[in-house]
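Take a look at the structure set out below.
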Amino acid sequence: MSELKETKAAAEPAVSAPAGNNFIHNIIDKDLEQKTYGEKPIYTRFPPEPNGYLHIGHAKSICLNAGTAEKYNGKFNLRFDDTNPMKEDVEYVESIKADVAWLGGKWDKLIFASDYFDIMYDCAVKLIKKGKAFVCDLSAEQMKEYRGTLTVPGKESPYRNRSVEENLKLFEEMREGKYADGEKVLRAKIDMASPNINMRDPAIYRVAHVSHHNTGDKWCVYPLYDFAHPLEDAIEGITHSICTLEFEDHRPFYDWVLRELEWPTPPQQIEFARLNLTNTVMSKRYLKALVDDGTVVGWDDPRMPTIAGLRRRGYTPEAIRDFCERIGVAKANSTVEISLLEHCIREDLKTKVESRMVILNPLKVVITNYPEDMTEEMEIENNKEVPEMGSRMLPFSRELYVEQDDFMEVPVKKYFRLFPGNEVRFKGAYFITCNEVVKDEEGNVVELRCTYDPETRSGSGFEGRKVKGTIHWVDAKTAVPVKVRLYDYLFVDGEDGRYVPNPESVKEITGYAEPSLADAKDGERFQFFRQGYFIAGRELGAAVPGGPDRGERVFHQIVDLKSSWPKK
């Protein structure tokens with residue numbers, strides 16, 4: 001995937017309206033005051049094209065549209081904009097339904113744009129009869145050449161002045177399948193000198209001999225998005241068509257279509273800034289390329305910014321909704337730090353999940369003065385933030401594992417963990433002193449020989465000397481091996497200032513865990529003490545909830561415990 005690149009969004013601070021000052025809601029408030037739509041309820045929609053999986057950017061739109069309908073006691077539709085059957089698939093339809101439902105989007109109607117193909121065709125015929133549309137024989141390359149530029153007006157097609165009767169006949173023949181793909185298109189007749197290129201006689205219907213997932217082989221002509229979109233909104237009674245900022249230049253055509261078709265009380269299109277995240281590419285085309293070439297294992301790979309990937313990674317819908325609320329609704333594009341999203345999942349999980357002891361890079365500890373045949377049960381709290389979650393008992397014996405990073409033979413300044421001669425507390429257990437370091441033939445430290453003070457057992461009321469370091473551990477005899485996936489960002493800065501795939505975005509290791517994790521159920525989340533948050537899943541988990549498992553057990557890292565996002 002070295003050729004896969006996308007220009008980074010400018011690293012500007014996020015410019016977003018506070019939750020209490022949503023400019024879209026201000027527009028709606030004014031419309032309600034002026035009774036712009038009479039007694040009609042506020043009606044919104046989320047209209048994805050089923051040509052890929054939804055990503056975190058779509059989550060913002062889902063939350064905004066569904067949340068707006070909920071706020072105003074209105075209605076919300078999930079509509080599949082399936083007007084381009086060459087790129088669409090039922091797999092994407094099902095994944096989108098699962099994603100919207102998982103996020104909490106409750107739709108009043110589930111609709112396909114293709115349900116309106118008959119109405120759209122009739123609308124195109126009406127435009128032809130009004131002299132506002134014509135059949136054009138120019139090729140795609142010729143149309144581009146005739147279109148002009150931002151500074152040079154376009155040229156009229158030589159077929160622009162065909163009679164209404166000829167256009168009706170040709171358009172009907174297009175529908176009957178008499179022409180090959182690309183041989184003819186139906187174009188709106190507007191103004192080839194318009195300063196807005198989208199108004200220079202745009203194509204509104206094209207020939208495509210391809211089967212459709214919803215209508216089968218009924219049609220071989222399909223409407224283009226810019227023509228279909230306003231019609232879909234109008235047919236459904238949408239009041240506020242909320243979309244991202246790149247559609248602002250398309251709004252004049254949106255309004256033109258409904259005006260020429262004399263649609264009563266047409267919906268209004270309102271644009272807001274799309275979500276840009278650091279270290280993230282949110283283009284379905286690029287993401288699909290990553291899937292197709294095997295850079296990731298699928299659309300639901302935990303490294304992907306897709307909602308399916310985030311779900312499998314262990315993110316919660318509450319955290320994503322919180323994130324969308326925090327970034328607000330802006331009129332200008334900006335870039336949000338991904339650390340805010342990570343902060344939101346930490347905030348959501350810290351009072352929800354239990355802690356577990358897991359050693360990812362084990363170093364053996366032998367307590368030389370501990371009885372060889374003795375095992376104790378140590379009481380460990382499940383969540384120090386929530387005492388009501390109770391505690392559990394962990395075995396403790398002579399041989400244990402600790403993290404390699406918790407030992408330093410020659411300690412640096414302010415290092416308070418294990419080093420020769422130093423004493424630390426083993427969490428929930430005893431004070432331990434490192435006495436001897438055992439190395440292999442290559443000089444690697446393979447074992448620490450330590451002693452413990454039996455008078456310092458945690459919870460025994462001991463109030464003697466204090467130590468500065470507390471480390472976690474697992475009992476070597478009862479520890480269970482666990483496969484763990486550690487994740488870095490899928491994209492990093494390239495030499496040319498673009499994001500490129502990160503070749504070190506995932507690291508798989510086998511660690512040792514306390515015995516209870518052997519019985520962890522798929523979907524259970526835990527805080528690995530001093531490590532981060534993890535979710536039990538499968539190596540190749542299903543993209544759609546309830547789907548079949550496709551691999552062995554693995555603990556996916558949701559997020560580490562470090563937070564660079566400042567609390568306000």
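In the structure tokens, chains take letters A, B, ... by order of appearance, with residues numbered from 1 within each chain and ligands from 1 in the order shown.
Near Phe426 of chain A, within a cut-off of 8 Å and counting only C-alpha atoms, sit the residues Phe431, Ile432, Thr470, Ile471, His472 and Trp473 of chain A, with same-chain residues fewer than 5 positions away left out.
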From a DSSP pass on the backbone, collect the residues of segment 161-277 of chain A flagged as helix (DSSP H, G or I) and hand them back as number ranges by chain.
A: 164-176, 197-199, 225-236, 245-260
Store the residues picked out above in a file with C-alpha atoms, as a short mmCIF file (atom, residue, chain, number, x, y, z; two decimals), in the first residue's frame.
data_model
loop_
_atom_site.label_atom_id
_atom_site.label_comp_id
_atom_site.auth_asym_id
_atom_site.auth_seq_id
_atom_site.Cartn_x
_atom_site.Cartn_y
_atom_site.Cartn_z
CA VAL A 164 -39.00 18.09 -26.73
CA GLU A 165 -40.45 15.28 -28.84
CA GLU A 166 -37.02 14.00 -29.87
CA ASN A 167 -35.75 14.15 -26.29
CA LEU A 168 -38.77 12.23 -24.99
CA LYS A 169 -38.27 9.56 -27.67
CA LEU A 170 -34.53 9.22 -27.00
CA PHE A 171 -35.01 9.12 -23.22
CA GLU A 172 -37.60 6.37 -23.58
CA GLU A 173 -35.19 4.45 -25.82
CA MET A 174 -32.51 4.86 -23.16
CA ARG A 175 -34.90 3.23 -20.69
CA GLU A 176 -35.68 0.43 -23.16
CA ILE A 197 -19.75 24.68 -12.59
CA ASN A 198 -22.38 22.42 -11.02
CA MET A 199 -25.03 24.47 -12.87
CA TYR A 225 -26.90 11.65 -7.06
CA ASP A 226 -27.35 15.41 -7.46
CA PHE A 227 -30.69 14.86 -9.21
CA ALA A 228 -31.89 12.04 -6.97
CA HIS A 229 -30.96 13.64 -3.64
CA PRO A 230 -33.42 16.59 -3.62
CA LEU A 231 -36.19 14.34 -4.95
CA GLU A 232 -35.66 11.77 -2.20
CA ASP A 233 -35.80 14.49 0.44
CA ALA A 234 -38.91 16.06 -1.04
CA ILE A 235 -40.77 12.77 -1.49
CA GLU A 236 -40.15 11.84 2.15
CA LEU A 245 -19.75 21.16 3.59
CA GLU A 246 -18.59 19.73 0.25
CA PHE A 247 -22.23 19.83 -0.91
CA GLU A 248 -22.53 23.60 -0.44
CA ASP A 249 -21.69 24.28 -4.10
CA HIS A 250 -24.34 21.71 -5.09
CA ARG A 251 -27.12 23.47 -3.19
CA PRO A 252 -28.11 25.78 -6.12
CA PHE A 253 -28.83 22.71 -8.24
CA TYR A 254 -30.68 21.06 -5.33
CA ASP A 255 -32.94 24.10 -5.17
CA TRP A 256 -33.23 24.34 -8.99
CA VAL A 257 -34.54 20.78 -9.29
CA LEU A 258 -37.30 21.29 -6.73
CA ARG A 259 -38.17 24.73 -8.06
CA GLU A 260 -38.50 23.54 -11.67
#
Applying 10 Å and only C-alpha atoms, which residues near Ile242 of chain A remain after dropping the ones on its own chain fewer than 5 positions away? List them as a VMD selection string.
chain A and resid 24 44 to 47 61 64 to 65 247 268 to 272
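Within the 10 Å cut-off around Lys284 of chain A, using only C-alpha atoms and omitting residues fewer than 3 positions from it on the same chain, the listed residues are Asn51, Gly52, Tyr53, Leu54, His55, Val281, Leu287, Lys288, Ala289, Leu290 and Thr306 of chain A.
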May I have the selected residues written with C-alpha atoms, as a CSV table (one decimal), in the first residue's frame?
chain,number,residue,atom,x,y,z
A,51,ASN,CA,-20.7,1.3,-1.3
A,52,GLY,CA,-18.6,0.7,1.8
A,53,TYR,CA,-18.7,0.6,5.6
A,54,LEU,CA,-19.4,3.7,7.7
A,55,HIS,CA,-16.6,5.5,9.5
A,281,VAL,CA,-8.0,8.8,6.6
A,287,LEU,CA,-10.3,2.4,3.1
A,288,LYS,CA,-11.6,-0.1,0.5
A,289,ALA,CA,-8.2,-0.2,-1.1
A,290,LEU,CA,-6.7,-1.1,2.3
A,306,THR,CA,-14.9,2.4,10.5
